[in-house]
file coords.csv (CSV, N, CA and C atoms)
chain,number,residue,atom,x,y,z
Z,172,ALA,N,76.7,-16.6,42.0
Z,172,ALA,CA,76.1,-15.7,41.0
Z,172,ALA,C,75.8,-16.5,39.8
Z,173,GLY,N,76.6,-17.5,39.4
Z,173,GLY,CA,76.5,-18.3,38.2
Z,173,GLY,C,75.2,-19.2,38.3
Z,174,THR,N,74.9,-19.7,39.5
Z,174,THR,CA,73.7,-20.5,39.6
Z,174,THR,C,72.4,-19.6,39.5
Z,175,GLY,N,72.5,-18.4,40.0
Z,175,GLY,CA,71.4,-17.5,39.9
Z,175,GLY,C,71.0,-17.2,38.4
Z,176,ILE,N,72.1,-17.0,37.6
Z,176,ILE,CA,71.9,-16.7,36.2
Z,176,ILE,C,71.3,-17.9,35.5
Z,177,ILE,N,71.9,-19.1,35.8
Z,177,ILE,CA,71.4,-20.3,35.2
Z,177,ILE,C,70.0,-20.6,35.6
Z,178,GLY,N,69.6,-20.3,36.9
Z,178,GLY,CA,68.3,-20.5,37.3
Z,178,GLY,C,67.3,-19.5,36.6
Z,179,ILE,N,67.7,-18.3,36.4
Z,179,ILE,CA,66.9,-17.4,35.7
Z,179,ILE,C,66.7,-17.8,34.2
Z,180,LEU,N,67.8,-18.3,33.6
Z,180,LEU,CA,67.8,-18.8,32.2
Z,180,LEU,C,66.9,-20.0,32.1
Z,181,GLU,N,66.9,-20.9,33.1
Z,181,GLU,CA,66.0,-22.1,33.1
Z,181,GLU,C,64.6,-21.7,33.3
Z,182,VAL,N,64.3,-20.7,34.1
Z,182,VAL,CA,62.9,-20.2,34.3
Z,182,VAL,C,62.5,-19.6,32.9
Z,183,LEU,N,63.3,-18.8,32.3
Z,183,LEU,CA,63.0,-18.2,31.0
Z,183,LEU,C,62.8,-19.2,30.0
Z,184,GLU,N,63.6,-20.3,30.0
Z,184,GLU,CA,63.5,-21.4,29.0
Z,184,GLU,C,62.1,-22.1,29.2
Z,185,CYS,N,61.8,-22.3,30.5
Z,185,CYS,CA,60.5,-22.9,30.8
Z,185,CYS,C,59.3,-22.1,30.3
Z,186,ASP,N,59.4,-20.8,30.6
Z,186,ASP,CA,58.3,-19.8,30.2
Z,186,ASP,C,58.2,-19.8,28.7
Z,187,PHE,N,59.4,-19.7,28.0
Z,187,PHE,CA,59.4,-19.7,26.5
Z,187,PHE,C,58.8,-21.0,26.0
Z,188,ALA,N,59.1,-22.1,26.6
Z,188,ALA,CA,58.6,-23.4,26.2
Z,188,ALA,C,57.0,-23.4,26.3
Z,189,LYS,N,56.5,-23.0,27.5
Z,189,LYS,CA,55.1,-22.9,27.7
Z,189,LYS,C,54.4,-22.0,26.7
Z,190,ASN,N,55.0,-20.8,26.5
Z,190,ASN,CA,54.4,-19.8,25.6
Z,190,ASN,C,54.5,-20.4,24.1
Z,191,LEU,N,55.6,-21.1,23.8
Z,191,LEU,CA,55.7,-21.6,22.5
Z,191,LEU,C,54.6,-22.7,22.2
Z,192,ALA,N,54.4,-23.6,23.3
Z,192,ALA,CA,53.4,-24.6,23.2
Z,192,ALA,C,52.0,-24.0,23.0
Z,193,LYS,N,51.8,-23.0,23.8
Z,193,LYS,CA,50.5,-22.3,23.8
Z,193,LYS,C,50.2,-21.7,22.4
Z,194,GLU,N,51.2,-21.0,21.9
Z,194,GLU,CA,51.1,-20.3,20.6
Z,194,GLU,C,51.0,-21.4,19.5
Z,195,GLU,N,51.7,-22.5,19.6
Z,195,GLU,CA,51.5,-23.5,18.5
Z,195,GLU,C,50.1,-24.1,18.6
Z,196,THR,N,49.6,-24.3,19.8
Z,196,THR,CA,48.3,-24.9,19.9
Z,196,THR,C,47.2,-23.9,19.4
Z,197,GLU,N,47.4,-22.6,19.7
Z,197,GLU,CA,46.5,-21.6,19.2
Z,197,GLU,C,46.6,-21.5,17.7
Z,198,GLU,N,47.8,-21.6,17.1
Z,198,GLU,CA,48.0,-21.5,15.7
Z,198,GLU,C,47.3,-22.7,15.0
Z,199,ALA,N,47.5,-23.9,15.6
Z,199,ALA,CA,46.9,-25.1,15.0
Z,199,ALA,C,45.4,-25.0,15.1
Z,200,ASP,N,44.8,-24.5,16.2
Z,200,ASP,CA,43.4,-24.3,16.3
Z,200,ASP,C,42.9,-23.3,15.3
Z,201,ALA,N,43.6,-22.2,15.1
Z,201,ALA,CA,43.3,-21.1,14.1
Z,201,ALA,C,43.3,-21.7,12.7
Z,202,GLN,N,44.4,-22.5,12.5
Z,202,GLN,CA,44.5,-23.1,11.1
Z,202,GLN,C,43.3,-24.1,10.9
Z,203,ALA,N,43.0,-24.9,11.9
Z,203,ALA,CA,41.8,-25.8,11.7
Z,203,ALA,C,40.5,-25.0,11.5
Z,204,GLU,N,40.3,-23.9,12.2
Z,204,GLU,CA,39.1,-23.1,12.0
Z,204,GLU,C,39.1,-22.5,10.7
Z,205,TYR,N,40.3,-22.0,10.2
Z,205,TYR,CA,40.4,-21.4,8.9
Z,205,TYR,C,40.0,-22.4,7.8
Z,206,GLU,N,40.6,-23.6,7.9
Z,206,GLU,CA,40.3,-24.7,6.9
Z,206,GLU,C,38.8,-25.0,7.0
Z,207,LYS,N,38.2,-25.1,8.2
Z,207,LYS,CA,36.8,-25.4,8.3
Z,207,LYS,C,35.9,-24.3,7.6
Z,208,VAL,N,36.3,-23.0,7.9
Z,208,VAL,CA,35.5,-21.9,7.3
Z,208,VAL,C,35.7,-21.9,5.8
Z,209,THR,N,36.9,-22.2,5.3
Z,209,THR,CA,37.2,-22.2,3.9
Z,209,THR,C,36.4,-23.3,3.2
Z,210,GLN,N,36.3,-24.5,3.8
Z,210,GLN,CA,35.5,-25.6,3.2
Z,210,GLN,C,34.1,-25.2,3.2
Z,211,GLU,N,33.6,-24.6,4.3
Z,211,GLU,CA,32.2,-24.2,4.3
Z,211,GLU,C,31.9,-23.1,3.2
Z,212,ASN,N,32.9,-22.2,3.0
Z,212,ASN,CA,32.7,-21.2,2.0
Z,212,ASN,C,32.7,-21.8,0.6
Z,213,LYS,N,33.5,-22.9,0.4
Z,213,LYS,CA,33.5,-23.6,-0.9
Z,213,LYS,C,32.2,-24.2,-1.2
Z,214,ILE,N,31.7,-24.9,-0.1
Z,214,ILE,CA,30.4,-25.5,-0.3
Z,214,ILE,C,29.3,-24.5,-0.6
Z,215,THR,N,29.3,-23.4,0.2
Z,215,THR,CA,28.3,-22.3,0.0
Z,215,THR,C,28.4,-21.7,-1.4
Z,216,ARG,N,29.6,-21.5,-1.8
Z,216,ARG,CA,29.9,-20.9,-3.2
Z,216,ARG,C,29.3,-21.9,-4.3
Z,217,ALA,N,29.7,-23.2,-4.1
Z,217,ALA,CA,29.2,-24.1,-5.1
Z,217,ALA,C,27.7,-24.2,-5.1
Z,218,THR,N,27.0,-24.2,-3.9
Z,218,THR,CA,25.6,-24.2,-3.9
Z,218,THR,C,25.0,-22.9,-4.5
Z,219,LYS,N,25.6,-21.8,-4.3
Z,219,LYS,CA,25.1,-20.5,-4.8
Z,219,LYS,C,25.3,-20.5,-6.4
Z,220,GLU,N,26.4,-21.1,-6.8
Z,220,GLU,CA,26.6,-21.1,-8.3
Z,220,GLU,C,25.6,-22.1,-8.9
Z,221,GLN,N,25.3,-23.2,-8.3
Z,221,GLN,CA,24.2,-24.1,-8.8
Z,221,GLN,C,22.9,-23.4,-8.8
Z,222,ASP,N,22.6,-22.6,-7.7
Z,222,ASP,CA,21.3,-21.9,-7.6
Z,222,ASP,C,21.3,-20.9,-8.8
Z,223,GLU,N,22.4,-20.2,-9.0
Z,223,GLU,CA,22.4,-19.2,-10.1
Z,223,GLU,C,22.2,-19.8,-11.4
Z,224,THR,N,22.8,-21.0,-11.7
Z,224,THR,CA,22.6,-21.7,-12.9
Z,224,THR,C,21.1,-22.1,-13.1
Z,225,TYR,N,20.6,-22.7,-12.0
Z,225,TYR,CA,19.2,-23.1,-12.1
Z,225,TYR,C,18.3,-21.9,-12.3
Z,226,LYS,N,18.5,-20.9,-11.6
Z,226,LYS,CA,17.6,-19.7,-11.7
Z,226,LYS,C,17.7,-19.0,-13.0
Z,227,THR,N,18.9,-19.0,-13.6
Z,227,THR,CA,19.1,-18.5,-14.9
Z,227,THR,C,18.3,-19.3,-16.0
Z,228,GLN,N,18.4,-20.6,-15.8
Z,228,GLN,CA,17.7,-21.5,-16.8
Z,228,GLN,C,16.2,-21.3,-16.6
Z,229,GLU,N,15.8,-21.2,-15.3
Z,229,GLU,CA,14.3,-21.0,-15.1
Z,229,GLU,C,13.9,-19.7,-15.6
Z,230,SER,N,14.7,-18.6,-15.4
Z,230,SER,CA,14.3,-17.3,-15.9
Z,230,SER,C,14.2,-17.3,-17.4
Z,231,LYS,N,15.1,-18.0,-18.1
Z,231,LYS,CA,15.0,-18.1,-19.6
Z,231,LYS,C,13.8,-18.8,-20.0
Z,232,SER,N,13.5,-19.9,-19.3
Z,232,SER,CA,12.3,-20.7,-19.6
Z,232,SER,C,11.0,-19.8,-19.4
Z,233,LEU,N,11.0,-19.1,-18.3
Z,233,LEU,CA,9.8,-18.2,-18.0
Z,233,LEU,C,9.7,-17.1,-19.0
Z,234,ASP,N,10.8,-16.5,-19.5
Z,234,ASP,CA,10.8,-15.5,-20.5
Z,234,ASP,C,10.2,-16.0,-21.8
Z,235,LYS,N,10.6,-17.3,-22.1
Z,235,LYS,CA,10.1,-17.9,-23.3
Z,235,LYS,C,8.6,-18.1,-23.2
Z,236,THR,N,8.2,-18.6,-22.0
Z,236,THR,CA,6.8,-18.8,-21.8
Z,236,THR,C,6.0,-17.5,-21.9
Z,237,VAL,N,6.5,-16.5,-21.3
Z,237,VAL,CA,5.9,-15.2,-21.4
Z,237,VAL,C,5.7,-14.7,-22.8
Z,238,SER,N,6.8,-14.9,-23.6
Z,238,SER,CA,6.7,-14.5,-25.0
Z,238,SER,C,5.6,-15.3,-25.8
Z,239,GLU,N,5.6,-16.6,-25.5
Z,239,GLU,CA,4.6,-17.4,-26.1
Z,239,GLU,C,3.2,-17.0,-25.7
Z,240,TYR,N,3.0,-16.7,-24.4
Z,240,TYR,CA,1.7,-16.3,-24.0
Z,240,TYR,C,1.3,-14.9,-24.5
Z,241,SER,N,2.3,-14.1,-24.7
Z,241,SER,CA,2.0,-12.7,-25.2
Z,241,SER,C,1.6,-12.9,-26.7
Z,242,ALA,N,2.3,-13.7,-27.4
Z,242,ALA,CA,1.9,-14.0,-28.8
Z,242,ALA,C,0.5,-14.6,-28.9
Z,243,ASP,N,0.2,-15.5,-28.0
Z,243,ASP,CA,-1.1,-16.1,-28.0
Z,243,ASP,C,-2.2,-15.1,-27.7
Z,244,ARG,N,-1.9,-14.2,-26.7
Z,244,ARG,CA,-2.8,-13.2,-26.4
Z,244,ARG,C,-3.1,-12.2,-27.5
Z,245,GLU,N,-2.0,-11.8,-28.2
Z,245,GLU,CA,-2.1,-10.9,-29.3
Z,245,GLU,C,-3.0,-11.6,-30.4
Z,246,ALA,N,-2.7,-12.8,-30.7
Z,246,ALA,CA,-3.5,-13.6,-31.7
Z,246,ALA,C,-5.0,-13.6,-31.3
Z,247,ALA,N,-5.2,-13.9,-30.0
Z,247,ALA,CA,-6.6,-14.0,-29.5
Z,247,ALA,C,-7.3,-12.6,-29.6
Z,248,ASN,N,-6.6,-11.6,-29.3
Z,248,ASN,CA,-7.2,-10.2,-29.3
Z,248,ASN,C,-7.5,-9.9,-30.8
Z,249,SER,N,-6.6,-10.2,-31.7
Z,249,SER,CA,-6.8,-10.0,-33.1
Z,249,SER,C,-8.1,-10.7,-33.6
Z,250,GLU,N,-8.2,-12.0,-33.2
Z,250,GLU,CA,-9.3,-12.8,-33.6
Z,250,GLU,C,-10.6,-12.2,-33.0
Z,251,LEU,N,-10.5,-11.8,-31.7
Z,251,LEU,CA,-11.7,-11.2,-31.0
Z,251,LEU,C,-12.1,-9.9,-31.8
Z,252,SER,N,-11.2,-9.1,-32.1
Z,252,SER,CA,-11.5,-7.9,-32.9
Z,252,SER,C,-12.2,-8.2,-34.2
Z,253,ALA,N,-11.7,-9.2,-34.9
Z,253,ALA,CA,-12.3,-9.6,-36.2
Z,253,ALA,C,-13.7,-10.1,-35.9
Z,254,VAL,N,-13.9,-10.9,-34.9
Z,254,VAL,CA,-15.2,-11.5,-34.6
Z,254,VAL,C,-16.2,-10.4,-34.2
Z,255,LEU,N,-15.8,-9.4,-33.4
Z,255,LEU,CA,-16.6,-8.3,-33.0
Z,255,LEU,C,-17.0,-7.4,-34.1
Z,256,GLU,N,-16.1,-7.2,-35.0
Z,256,GLU,CA,-16.4,-6.4,-36.2
Z,256,GLU,C,-17.4,-7.1,-37.1
Z,257,TYR,N,-17.2,-8.4,-37.3
Z,257,TYR,CA,-18.2,-9.2,-38.1
Z,257,TYR,C,-19.5,-9.2,-37.4
Z,258,TYR,N,-19.5,-9.3,-36.1
Z,258,TYR,CA,-20.8,-9.3,-35.3
Z,258,TYR,C,-21.6,-8.0,-35.5
Z,259,GLU,N,-20.8,-6.9,-35.5
Z,259,GLU,CA,-21.5,-5.6,-35.7
Z,259,GLU,C,-22.1,-5.5,-37.1
Z,260,LYS,N,-21.4,-6.1,-38.1
Z,260,LYS,CA,-22.0,-6.1,-39.5
Z,260,LYS,C,-23.2,-6.9,-39.6
Z,261,ILE,N,-23.2,-8.1,-38.9
Z,261,ILE,CA,-24.3,-9.1,-38.9
Z,261,ILE,C,-25.5,-8.5,-38.1
Z,262,LYS,N,-25.2,-7.9,-37.0
Z,262,LYS,CA,-26.2,-7.4,-36.1
Z,262,LYS,C,-27.1,-6.4,-36.9
Z,263,GLU,N,-26.6,-5.6,-37.7
Z,263,GLU,CA,-27.4,-4.6,-38.5
Z,263,GLU,C,-28.4,-5.3,-39.3
Z,264,ARG,N,-28.1,-6.5,-39.9
Z,264,ARG,CA,-29.0,-7.2,-40.7
Z,264,ARG,C,-30.0,-8.1,-40.0
Z,265,CYS,N,-29.5,-8.7,-38.8
Z,265,CYS,CA,-30.3,-9.7,-38.1
Z,265,CYS,C,-31.2,-9.2,-37.0
Z,266,ILE,N,-30.8,-8.1,-36.4
Z,266,ILE,CA,-31.6,-7.7,-35.3
Z,266,ILE,C,-32.6,-6.7,-35.8
Z,267,ALA,N,-33.9,-7.0,-35.5
Z,267,ALA,CA,-35.0,-6.1,-36.0
Z,267,ALA,C,-34.9,-4.8,-35.2
Z,268,LYS,N,-35.0,-3.7,-36.0
Z,268,LYS,CA,-35.0,-2.4,-35.3
Z,268,LYS,C,-36.4,-2.0,-35.2
Z,269,PRO,N,-36.7,-1.4,-34.0
Z,269,PRO,CA,-38.1,-1.0,-33.8
Z,269,PRO,C,-38.4,0.2,-34.7
Z,270,GLU,N,-39.7,0.1,-35.2
Z,270,GLU,CA,-40.1,1.2,-36.1
Z,270,GLU,C,-40.5,2.4,-35.3
Z,271,THR,N,-40.2,3.6,-35.8
Z,271,THR,CA,-40.6,4.8,-35.1
Z,271,THR,C,-42.1,5.0,-35.3
Z,272,TYR,N,-42.7,5.9,-34.5
Z,272,TYR,CA,-44.1,6.1,-34.6
Z,272,TYR,C,-44.5,6.6,-36.0
Z,273,GLU,N,-43.7,7.5,-36.6
Z,273,GLU,CA,-44.0,8.0,-37.9
Z,273,GLU,C,-44.0,7.0,-38.9
Z,274,GLU,N,-43.1,6.0,-38.9
Z,274,GLU,CA,-43.0,4.9,-39.8
Z,274,GLU,C,-44.2,4.0,-39.7
Z,275,ARG,N,-44.6,3.7,-38.5
Z,275,ARG,CA,-45.8,2.8,-38.3
Z,275,ARG,C,-47.1,3.5,-38.8
Z,276,LYS,N,-47.2,4.8,-38.5
Z,276,LYS,CA,-48.3,5.6,-38.9
Z,276,LYS,C,-48.5,5.7,-40.4
Z,277,ALA,N,-47.3,5.9,-41.1
Z,277,ALA,CA,-47.3,6.0,-42.5
Z,277,ALA,C,-47.7,4.6,-43.1
Z,278,ARG,N,-47.1,3.5,-42.5
Z,278,ARG,CA,-47.5,2.2,-43.0
Z,278,ARG,C,-48.9,1.9,-42.9
Z,279,ARG,N,-49.5,2.2,-41.7
Z,279,ARG,CA,-50.9,1.9,-41.5
Z,279,ARG,C,-51.8,2.8,-42.4
Z,280,GLU,N,-51.4,4.0,-42.6
Z,280,GLU,CA,-52.2,4.9,-43.5
Z,280,GLU,C,-52.2,4.3,-44.9
Z,281,ALA,N,-51.0,3.8,-45.3
Z,281,ALA,CA,-50.9,3.2,-46.7
Z,281,ALA,C,-51.7,2.0,-46.7
Z,282,GLU,N,-51.7,1.2,-45.7
Z,282,GLU,CA,-52.6,-0.1,-45.7
Z,282,GLU,C,-54.0,0.3,-45.7
Z,283,ILE,N,-54.4,1.3,-44.9
Z,283,ILE,CA,-55.8,1.7,-44.9
Z,283,ILE,C,-56.2,2.2,-46.3
Z,284,GLU,N,-55.4,3.0,-46.9
Z,284,GLU,CA,-55.7,3.5,-48.2
Z,284,GLU,C,-55.8,2.4,-49.2
Z,285,GLY,N,-54.9,1.4,-49.1
Z,285,GLY,CA,-55.1,0.3,-50.0
Z,285,GLY,C,-56.4,-0.5,-49.8
Z,286,LEU,N,-56.8,-0.7,-48.6
Z,286,LEU,CA,-58.0,-1.3,-48.3
Z,286,LEU,C,-59.2,-0.5,-48.8
Z,287,LYS,N,-59.1,0.8,-48.6
Z,287,LYS,CA,-60.2,1.6,-49.1
Z,287,LYS,C,-60.3,1.5,-50.6
Z,288,GLN,N,-59.2,1.4,-51.3
Z,288,GLN,CA,-59.2,1.3,-52.8
Z,288,GLN,C,-59.8,-0.1,-53.2
Z,289,ALA,N,-59.4,-1.1,-52.4
Z,289,ALA,CA,-60.0,-2.4,-52.7
Z,289,ALA,C,-61.5,-2.4,-52.4
Z,290,LEU,N,-61.9,-1.8,-51.4
Z,290,LEU,CA,-63.4,-1.7,-51.1
Z,290,LEU,C,-64.1,-0.9,-52.2
Z,291,GLN,N,-63.5,0.1,-52.7
Z,291,GLN,CA,-64.1,0.9,-53.7
Z,291,GLN,C,-64.2,0.1,-55.0
Z,292,ILE,N,-63.2,-0.7,-55.3
Z,292,ILE,CA,-63.2,-1.5,-56.5
Z,292,ILE,C,-64.3,-2.6,-56.4
Z,293,LEU,N,-64.5,-3.2,-55.2
Z,293,LEU,CA,-65.5,-4.2,-54.9
Z,293,LEU,C,-66.9,-3.6,-55.1
Z,294,LYS,N,-67.0,-2.3,-54.6
Z,294,LYS,CA,-68.3,-1.7,-54.7
Z,294,LYS,C,-68.7,-1.3,-56.1
Z,295,GLU,N,-67.7,-1.0,-56.9
Z,295,GLU,CA,-68.0,-0.7,-58.3
Z,295,GLU,C,-68.4,-1.9,-59.1
Z,296,GLU,N,-67.8,-3.0,-58.7
Z,296,GLU,CA,-68.1,-4.3,-59.4
Z,296,GLU,C,-69.5,-4.8,-59.1
Z,297,THR,N,-70.0,-4.5,-57.9
Z,297,THR,CA,-71.3,-5.0,-57.6
Z,297,THR,C,-72.4,-4.1,-57.9
call {"tool": "encode", "arguments": {"input": "coords.csv", "output": "structure tokens"}}
result
Amino acid sequence: AGTGIIGILEVLECDFAKNLAKEETEEADAQAEYEKVTQENKITRATKEQDETYKTQESKSLDKTVSEYSADREAANSELSAVLEYYEKIKERCIAKPETYEERKARREAEIEGLKQALQILKEET
């Protein structure tokens, strides 16, 4: 009976040794995988932080550029408004307006009347 118990204990010891070795191997593999994933996460995090820094700087730069362009556009619009206003004032003086029929008729009648008077004066002198 003593050898039977020793045999069972030896079998149990052997099984425990195999299971322990298997568990230690799995634990070592899991630890290695964890460290690998942790390192990858560190690299990814550093990359994303750099991207954030770069994009923040780029965003600030673009905001500044937009502000400058907006100011330039406002100045150009102001200048354009002034030029168009000046053009409207000049246009009234420079562009000949067509005479209406009544104005032309009155001018011709005045011219004809003046010629008639001139003819009358010439006739009286002769």
call {"tool": "atom_distance", "arguments": {"input": "coords.csv", "atom1": "atom CA of Z:Asp200", "atom2": "atom CA of Z:Ala188"}}
result
18.2 Å
call {"tool": "atom_distance", "arguments": {"input": "coords.csv", "atom1": "atom N of Z:Tyr272", "atom2": "atom CA of Z:Glu256"}}
result
29.1 Å
call {"tool": "atom_distance", "arguments": {"input": "coords.csv", "atom1": "atom C of Z:Phe187", "atom2": "atom CA of Z:Ala203"}}
result
22.7 Å
